[in-house]
2 protein chains.
Amino acid sequence: MREKFHEQLDRIFVDMAAICRLVETAVGQASEALMSGDAGVAESVISADVHIDLAREAVEESAFELLSLQQPVAGDLRSVVAALRMVTELERMGDLSVHVAKIARLRVPDVAVPEDIRPTVARMAHVAEDMVGRLTTIILSRDLDEASSLREDDDEMDQLRRANFTEMLSDDWTHGVEAAVDIALLGRYYERIADHAVSVANRVVFVVTGEKPNSISG
Amino acid sequence: MREKFHEQLDRIFVDMAAICRLVETAVGQASEALMSGDAGVAESVISADVHIDLAREAVEESAFELLSLQQPVAGDLRSVVAALRMVTELERMGDLSVHVAKIARLRVPDVAVPEDIRPTVARMAHVAEDMVGRLTTIILSRDLDEASSLREDDDEMDQLRRANFTEMLSDDWTHGVEAAVDIALLGRYYERIADHAVSVANRVVFVVTGEKPNSISG
């Protein structure tokens, strides 16, 4: 019975890793649309989000089935509930990528991010995409060192966001209010993608060790 | 057994309503700090957030106990998982109030929102606080009509946010980039509080009817 339980839980983790890969593509393409002003790429992120939603529903159904049929208790129960929370967060990361793509689309044929600000925003985009890419591996391998290393990337994201504010609020800012509003929101979206990546990695740690790292909710 | 299950689930809902009341206070006080520039009120929102976090943990423990001891299946199982999700969202609404309070604190002794923009932002704040207040009643009464009426308020929030963008991007905007960045983020925080309120109300509908309204995740 417990062996079957763990087999099914492993399958749920494999399915979640597949969702994480879809999210990685979404983050990457949304950032590409943002930097290039390519409406087609932005549209493809927006229209592909339904696949993430459907994959999330399938994982949720598997998790409910596992809870119903195997009636796990203690740590096993908490692991399945952790998986339900992970998949909700992965879906949310997909939604945040759609928000990025929508800002890109709104400014087509222009590019939302002014040229001199692009290095900071491009770095944020890169950090977010890289974190999501590594999260796929963490979900599959349940590598605890790798999970804790994601927190360092999150620190870089926080620094980038502060640098970004400094750029916008300096007297040299010549790009007006619209660009500043876009960039403030983009910064928020990338920051939230990074936050969720750390939170999902923390839940992996919880599933493996039974212990909650700091800053995990639930 | 089932009677005991429902008694315990009811108790979880009562505890969640108490958390919702804490969130209502947080949203109200954060908005007050924002409009008045009162650092003390902002601080009290920030320091009170720990009570919401602790109350969430207590509800989660009750829900896990209920799952472990009663081993619910089918609709009962989904109701407990819905409660776990609701309480996560309530906590998040508290975090978003803290974000609002932090913007207020950052600008003390000034007021983050320029006077001519205050009506729109004050209305957003009011709609958010009102939605959270009504959500407390919805959690306690499980009133389906009231739950679906929250969606109308959410439409008003979306309209307010659009009006807010129009104000910021008009040629008459004289408040510079910093105020625009603050207001863009404040709008985002209030919008997310409203989104979560609708989502929690939808989960109440799910618990009562077993059917998911549109736009519920999980």
# chains A, B, ... in the order shown; residues from 1 in each chain; ligands from 1
>>> interface_residues(of="chain A", to="chain B", cutoff="6 Å", atoms="only C-alpha atoms", output="list in words")
Ser68, Val73, Val177 and Val181 of chain A
>>> write_last_selection(atoms="N, CA, C and O atoms", output="PDB file, in the first residue's frame")
ATOM      1  N   SER A  68      -8.082  10.031  -1.623  1.00  0.00           N
ATOM      2  CA  SER A  68      -9.302   9.248  -1.403  1.00  0.00           C
ATOM      3  C   SER A  68      -9.019   7.766  -1.293  1.00  0.00           C
ATOM      4  O   SER A  68      -9.551   7.079  -0.424  1.00  0.00           O
ATOM      5  N   VAL A  73      -1.902   9.302   6.057  1.00  0.00           N
ATOM      6  CA  VAL A  73      -1.906  10.095   7.293  1.00  0.00           C
ATOM      7  C   VAL A  73      -0.511  10.706   7.483  1.00  0.00           C
ATOM      8  O   VAL A  73       0.413  10.442   6.716  1.00  0.00           O
ATOM      9  N   VAL A 177       6.061  58.679 -17.428  1.00  0.00           N
ATOM     10  CA  VAL A 177       5.301  57.917 -16.438  1.00  0.00           C
ATOM     11  C   VAL A 177       4.899  56.550 -16.961  1.00  0.00           C
ATOM     12  O   VAL A 177       4.954  55.555 -16.231  1.00  0.00           O
ATOM     13  N   VAL A 181       5.532  53.079 -14.977  1.00  0.00           N
ATOM     14  CA  VAL A 181       4.437  52.230 -14.485  1.00  0.00           C
ATOM     15  C   VAL A 181       4.602  50.808 -15.018  1.00  0.00           C
ATOM     16  O   VAL A 181       4.491  49.820 -14.273  1.00  0.00           O
TER      17      VAL A 181
END
>>> closest_residue(among="B:Thr166, B:Leu66, B:Arg192, B:Asp143", to="Lys4 in chain B", atoms="only C-alpha atoms")
B:Leu66
>>> closest_residue(among="B:Ser31, B:Ser44, B:Ser149, B:Ser79", to="Ser97 in chain B", atoms="only C-alpha atoms")
B:Ser31
>>> residues_around(residues="range 12-18 of chain A", least_positions_apart="3", cutoff="6 Å", atoms="only C-alpha atoms", output="ChimeraX atom specification")
/A:9,21,136,139
>>> residues_around(residues="Ala33 in chain A", least_positions_apart="3", cutoff="9 Å", atoms="only C-alpha atoms", output="PDB file with N, CA, C and O atoms, in the first residue's frame")
ATOM      1  N   GLY A  28      10.177  32.568 -20.383  1.00  0.00           N
ATOM      2  CA  GLY A  28      11.177  32.887 -21.406  1.00  0.00           C
ATOM      3  C   GLY A  28      10.563  33.630 -22.585  1.00  0.00           C
ATOM      4  O   GLY A  28      11.091  34.644 -23.040  1.00  0.00           O
ATOM      5  N   GLN A  29       9.427  33.129 -23.068  1.00  0.00           N
ATOM      6  CA  GLN A  29       8.803  33.762 -24.237  1.00  0.00           C
ATOM      7  C   GLN A  29       8.209  35.129 -23.880  1.00  0.00           C
ATOM      8  O   GLN A  29       8.263  36.061 -24.690  1.00  0.00           O
ATOM      9  N   ALA A  30       7.638  35.242 -22.688  1.00  0.00           N
ATOM     10  CA  ALA A  30       7.075  36.535 -22.282  1.00  0.00           C
ATOM     11  C   ALA A  30       8.195  37.574 -22.245  1.00  0.00           C
ATOM     12  O   ALA A  30       8.018  38.713 -22.693  1.00  0.00           O
ATOM     13  N   SER A  36      11.523  42.372 -27.451  1.00  0.00           N
ATOM     14  CA  SER A  36      11.506  42.506 -28.912  1.00  0.00           C
ATOM     15  C   SER A  36      10.279  43.253 -29.415  1.00  0.00           C
ATOM     16  O   SER A  36      10.260  43.733 -30.543  1.00  0.00           O
ATOM     17  N   GLY A  37       9.222  43.315 -28.579  1.00  0.00           N
ATOM     18  CA  GLY A  37       7.966  43.890 -29.064  1.00  0.00           C
ATOM     19  C   GLY A  37       7.268  43.006 -30.083  1.00  0.00           C
ATOM     20  O   GLY A  37       6.443  43.473 -30.867  1.00  0.00           O
ATOM     21  N   ASP A  38       7.558  41.718 -30.063  1.00  0.00           N
ATOM     22  CA  ASP A  38       6.967  40.774 -31.023  1.00  0.00           C
ATOM     23  C   ASP A  38       5.590  40.310 -30.513  1.00  0.00           C
ATOM     24  O   ASP A  38       5.495  39.533 -29.572  1.00  0.00           O
ATOM     25  N   ALA A  39       4.537  40.805 -31.187  1.00  0.00           N
ATOM     26  CA  ALA A  39       3.169  40.514 -30.735  1.00  0.00           C
ATOM     27  C   ALA A  39       2.851  39.022 -30.813  1.00  0.00           C
ATOM     28  O   ALA A  39       2.127  38.485 -29.966  1.00  0.00           O
ATOM     29  N   GLY A  40       3.398  38.349 -31.835  1.00  0.00           N
ATOM     30  CA  GLY A  40       3.103  36.930 -32.017  1.00  0.00           C
ATOM     31  C   GLY A  40       3.602  36.093 -30.843  1.00  0.00           C
ATOM     32  O   GLY A  40       2.908  35.191 -30.369  1.00  0.00           O
ATOM     33  N   VAL A  41       4.794  36.420 -30.371  1.00  0.00           N
ATOM     34  CA  VAL A  41       5.355  35.678 -29.235  1.00  0.00           C
ATOM     35  C   VAL A  41       4.524  35.964 -27.984  1.00  0.00           C
ATOM     36  O   VAL A  41       4.215  35.045 -27.212  1.00  0.00           O
ATOM     37  N   ALA A  42       4.131  37.218 -27.803  1.00  0.00           N
ATOM     38  CA  ALA A  42       3.281  37.560 -26.649  1.00  0.00           C
ATOM     39  C   ALA A  42       1.977  36.773 -26.704  1.00  0.00           C
ATOM     40  O   ALA A  42       1.552  36.166 -25.707  1.00  0.00           O
ATOM     41  N   GLU A  43       1.351  36.746 -27.891  1.00  0.00           N
ATOM     42  CA  GLU A  43       0.091  36.002 -28.053  1.00  0.00           C
ATOM     43  C   GLU A  43       0.265  34.532 -27.723  1.00  0.00           C
ATOM     44  O   GLU A  43      -0.617  33.905 -27.148  1.00  0.00           O
ATOM     45  N   VAL A 100       3.145  39.568 -17.888  1.00  0.00           N
ATOM     46  CA  VAL A 100       4.314  40.148 -18.562  1.00  0.00           C
ATOM     47  C   VAL A 100       4.036  40.249 -20.072  1.00  0.00           C
ATOM     48  O   VAL A 100       4.257  41.294 -20.695  1.00  0.00           O
ATOM     49  N   ALA A 101       3.521  39.154 -20.644  1.00  0.00           N
ATOM     50  CA  ALA A 101       3.241  39.127 -22.090  1.00  0.00           C
ATOM     51  C   ALA A 101       2.214  40.196 -22.465  1.00  0.00           C
ATOM     52  O   ALA A 101       2.300  40.803 -23.539  1.00  0.00           O
ATOM     53  N   ALA A 104       3.854  43.505 -22.775  1.00  0.00           N
ATOM     54  CA  ALA A 104       4.574  43.535 -24.056  1.00  0.00           C
ATOM     55  C   ALA A 104       3.595  43.842 -25.187  1.00  0.00           C
ATOM     56  O   ALA A 104       3.838  44.712 -26.024  1.00  0.00           O
ATOM     57  N   ARG A 105       2.477  43.132 -25.191  1.00  0.00           N
ATOM     58  CA  ARG A 105       1.487  43.268 -26.275  1.00  0.00           C
ATOM     59  C   ARG A 105       0.881  44.673 -26.324  1.00  0.00           C
ATOM     60  O   ARG A 105       0.612  45.219 -27.398  1.00  0.00           O
ATOM     61  N   VAL A 111       8.536  48.911 -27.797  1.00  0.00           N
ATOM     62  CA  VAL A 111       9.040  47.994 -26.782  1.00  0.00           C
ATOM     63  C   VAL A 111       8.829  48.681 -25.429  1.00  0.00           C
ATOM     64  O   VAL A 111       9.189  49.850 -25.265  1.00  0.00           O
TER      65      VAL A 111
END
>>> residues_around(residues="Met86 in chain A", least_positions_apart="3", cutoff="6 Å", atoms="only C-alpha atoms", output="list in words")
Ala83, Glu89 and Val200 of chain A
>>> residues_around(residues="Val27 in chain B", least_positions_apart="6", cutoff="8 Å", atoms="only C-alpha atoms", output="list of chain:residue names")
B:Gly94, B:Ser97, B:Ala125, B:Ala128, B:Glu129
>>> residues_around(residues="range 206-212 of chain B", least_positions_apart="3", cutoff="7 Å", atoms="only C-alpha atoms", output="ChimeraX atom specification")
/B:75,79,202-203,216
>>> write_last_selection(atoms="C-alpha atoms", output="PDB file, in the first residue's frame")
ATOM      1  CA  GLY B  75     -17.040  16.035  -1.261  1.00  0.00           C
ATOM      2  CA  SER B  79     -14.217  20.732   1.387  1.00  0.00           C
ATOM      3  CA  ASN B 202     -16.028  30.915  -4.876  1.00  0.00           C
ATOM      4  CA  ARG B 203     -14.511  28.254  -2.663  1.00  0.00           C
ATOM      5  CA  ILE B 216     -11.946  29.293  -9.213  1.00  0.00           C
TER       6      ILE B 216
END
>>> closest_residue(among="A:Ala163, A:Leu144, A:Ala201, A:Ile138", to="Thr120 in chain A", atoms="only C-alpha atoms")
A:Ala163
>>> decode(residues="range 45-179 of chain A", atoms="C-alpha atoms", output="tab-separated table (two decimals), in the first residue's frame")
chain	number	residue	atom	x	y	z
A	45	VAL	CA	2.31	32.91	-24.17
A	46	ILE	CA	-1.24	34.13	-23.56
A	47	SER	CA	-2.89	31.35	-25.57
A	48	ALA	CA	-0.61	28.59	-24.18
A	49	ASP	CA	-1.64	29.35	-20.59
A	50	VAL	CA	-4.67	27.10	-20.95
A	51	HIS	CA	-2.32	24.10	-21.21
A	52	ILE	CA	-0.85	24.97	-17.81
A	53	ASP	CA	-4.36	25.30	-16.37
A	54	LEU	CA	-5.43	21.93	-17.75
A	55	ALA	CA	-2.25	20.22	-16.57
A	56	ARG	CA	-2.83	21.69	-13.11
A	57	GLU	CA	-6.36	20.30	-13.05
A	58	ALA	CA	-5.07	16.85	-14.01
A	59	VAL	CA	-2.50	16.93	-11.19
A	60	GLU	CA	-5.16	18.04	-8.74
A	61	GLU	CA	-7.38	15.16	-9.75
A	62	SER	CA	-4.52	12.69	-9.28
A	63	ALA	CA	-3.82	14.15	-5.84
A	64	PHE	CA	-7.47	13.90	-4.78
A	65	GLU	CA	-7.59	10.33	-6.04
A	66	LEU	CA	-4.47	9.53	-4.06
A	67	LEU	CA	-5.99	11.07	-0.92
A	68	SER	CA	-9.30	9.25	-1.40
A	69	LEU	CA	-8.00	5.83	-2.29
A	70	GLN	CA	-4.90	5.62	-0.10
A	71	GLN	CA	-6.12	7.68	2.85
A	72	PRO	CA	-2.59	8.74	3.81
A	73	VAL	CA	-1.91	10.09	7.29
A	74	ALA	CA	0.88	12.10	8.94
A	75	GLY	CA	3.79	12.94	6.64
A	76	ASP	CA	2.26	11.25	3.61
A	77	LEU	CA	-0.90	13.29	3.97
A	78	ARG	CA	1.09	16.49	4.29
A	79	SER	CA	3.13	15.59	1.21
A	80	VAL	CA	0.03	15.29	-0.95
A	81	VAL	CA	-1.35	18.58	0.38
A	82	ALA	CA	2.05	20.16	-0.30
A	83	ALA	CA	1.80	18.91	-3.89
A	84	LEU	CA	-1.65	20.49	-4.22
A	85	ARG	CA	-0.16	23.77	-3.08
A	86	MET	CA	2.87	23.48	-5.35
A	87	VAL	CA	0.72	23.02	-8.42
A	88	THR	CA	-1.40	26.06	-7.50
A	89	GLU	CA	1.77	28.13	-7.26
A	90	LEU	CA	3.09	26.81	-10.58
A	91	GLU	CA	-0.15	27.82	-12.24
A	92	ARG	CA	0.14	31.26	-10.66
A	93	MET	CA	3.66	31.60	-12.11
A	94	GLY	CA	2.11	30.91	-15.51
A	95	ASP	CA	-0.47	33.65	-14.91
A	96	LEU	CA	2.29	36.09	-13.98
A	97	SER	CA	4.07	35.28	-17.27
A	98	VAL	CA	0.82	36.11	-19.05
A	99	HIS	CA	0.79	39.48	-17.25
A	100	VAL	CA	4.31	40.15	-18.56
A	101	ALA	CA	3.24	39.13	-22.09
A	102	LYS	CA	0.21	41.44	-21.88
A	103	ILE	CA	2.39	44.45	-21.06
A	104	ALA	CA	4.57	43.54	-24.06
A	105	ARG	CA	1.49	43.27	-26.27
A	106	LEU	CA	0.06	46.57	-25.03
A	107	ARG	CA	3.09	48.48	-26.31
A	108	VAL	CA	3.49	46.74	-29.69
A	109	PRO	CA	5.01	47.87	-32.11
A	110	ASP	CA	7.02	49.70	-29.45
A	111	VAL	CA	9.04	47.99	-26.78
A	112	ALA	CA	7.77	48.57	-23.23
A	113	VAL	CA	11.24	48.75	-21.69
A	114	PRO	CA	13.41	51.75	-22.68
A	115	GLU	CA	16.82	50.79	-24.00
A	116	ASP	CA	18.94	52.05	-21.11
A	117	ILE	CA	16.78	50.14	-18.57
A	118	ARG	CA	16.88	46.92	-20.54
A	119	PRO	CA	19.96	45.47	-18.82
A	120	THR	CA	18.27	45.45	-15.38
A	121	VAL	CA	14.94	44.15	-16.68
A	122	ALA	CA	16.68	41.59	-18.90
A	123	ARG	CA	18.64	40.39	-15.88
A	124	MET	CA	15.42	40.06	-13.84
A	125	ALA	CA	13.88	38.10	-16.69
A	126	HIS	CA	16.94	35.90	-16.89
A	127	VAL	CA	17.03	35.24	-13.13
A	128	ALA	CA	13.32	34.36	-13.12
A	129	GLU	CA	13.62	32.00	-16.10
A	130	ASP	CA	16.72	30.38	-14.65
A	131	MET	CA	15.04	29.85	-11.27
A	132	VAL	CA	12.03	28.20	-12.92
A	133	GLY	CA	14.36	26.01	-15.00
A	134	ARG	CA	16.22	24.87	-11.90
A	135	LEU	CA	12.94	24.33	-10.08
A	136	THR	CA	12.05	21.65	-12.63
A	137	THR	CA	15.20	19.77	-11.65
A	138	ILE	CA	14.51	20.30	-7.94
A	139	ILE	CA	11.00	18.85	-8.29
A	140	LEU	CA	12.39	15.81	-10.12
A	141	SER	CA	15.56	15.22	-8.11
A	142	ARG	CA	14.38	16.54	-4.73
A	143	ASP	CA	17.91	17.85	-4.31
A	144	LEU	CA	17.94	19.83	-1.06
A	145	ASP	CA	21.15	21.77	-1.76
A	146	GLU	CA	19.81	22.91	-5.08
A	147	ALA	CA	16.54	23.90	-3.40
A	148	SER	CA	18.33	26.08	-0.87
A	149	SER	CA	20.51	27.65	-3.57
A	150	LEU	CA	17.34	29.05	-5.18
A	151	ARG	CA	17.08	31.42	-2.24
A	152	GLU	CA	20.33	33.13	-3.30
A	153	ASP	CA	18.86	33.85	-6.71
A	154	ASP	CA	15.86	35.31	-4.96
A	155	ASP	CA	18.21	37.69	-3.13
A	156	GLU	CA	19.57	38.79	-6.50
A	157	MET	CA	16.03	39.42	-7.70
A	158	ASP	CA	15.39	41.65	-4.68
A	159	GLN	CA	18.59	43.61	-5.41
A	160	LEU	CA	17.62	44.00	-9.07
A	161	ARG	CA	14.26	45.31	-8.06
A	162	ARG	CA	15.87	47.92	-5.81
A	163	ALA	CA	18.29	48.90	-8.61
A	164	ASN	CA	15.31	49.23	-10.89
A	165	PHE	CA	13.56	51.63	-8.49
A	166	THR	CA	16.73	53.69	-8.23
A	167	GLU	CA	16.85	53.98	-12.03
A	168	MET	CA	13.23	55.06	-12.27
A	169	LEU	CA	13.38	57.57	-9.44
A	170	SER	CA	16.66	59.22	-10.48
A	171	ASP	CA	16.61	62.72	-11.91
A	172	ASP	CA	18.00	61.30	-15.16
A	173	TRP	CA	14.77	59.42	-15.87
A	174	THR	CA	13.52	60.72	-19.21
A	175	HIS	CA	11.09	58.00	-20.19
A	176	GLY	CA	8.00	59.43	-18.58
A	177	VAL	CA	5.30	57.92	-16.44
A	178	GLU	CA	4.01	55.20	-18.75
A	179	ALA	CA	7.35	53.42	-18.98
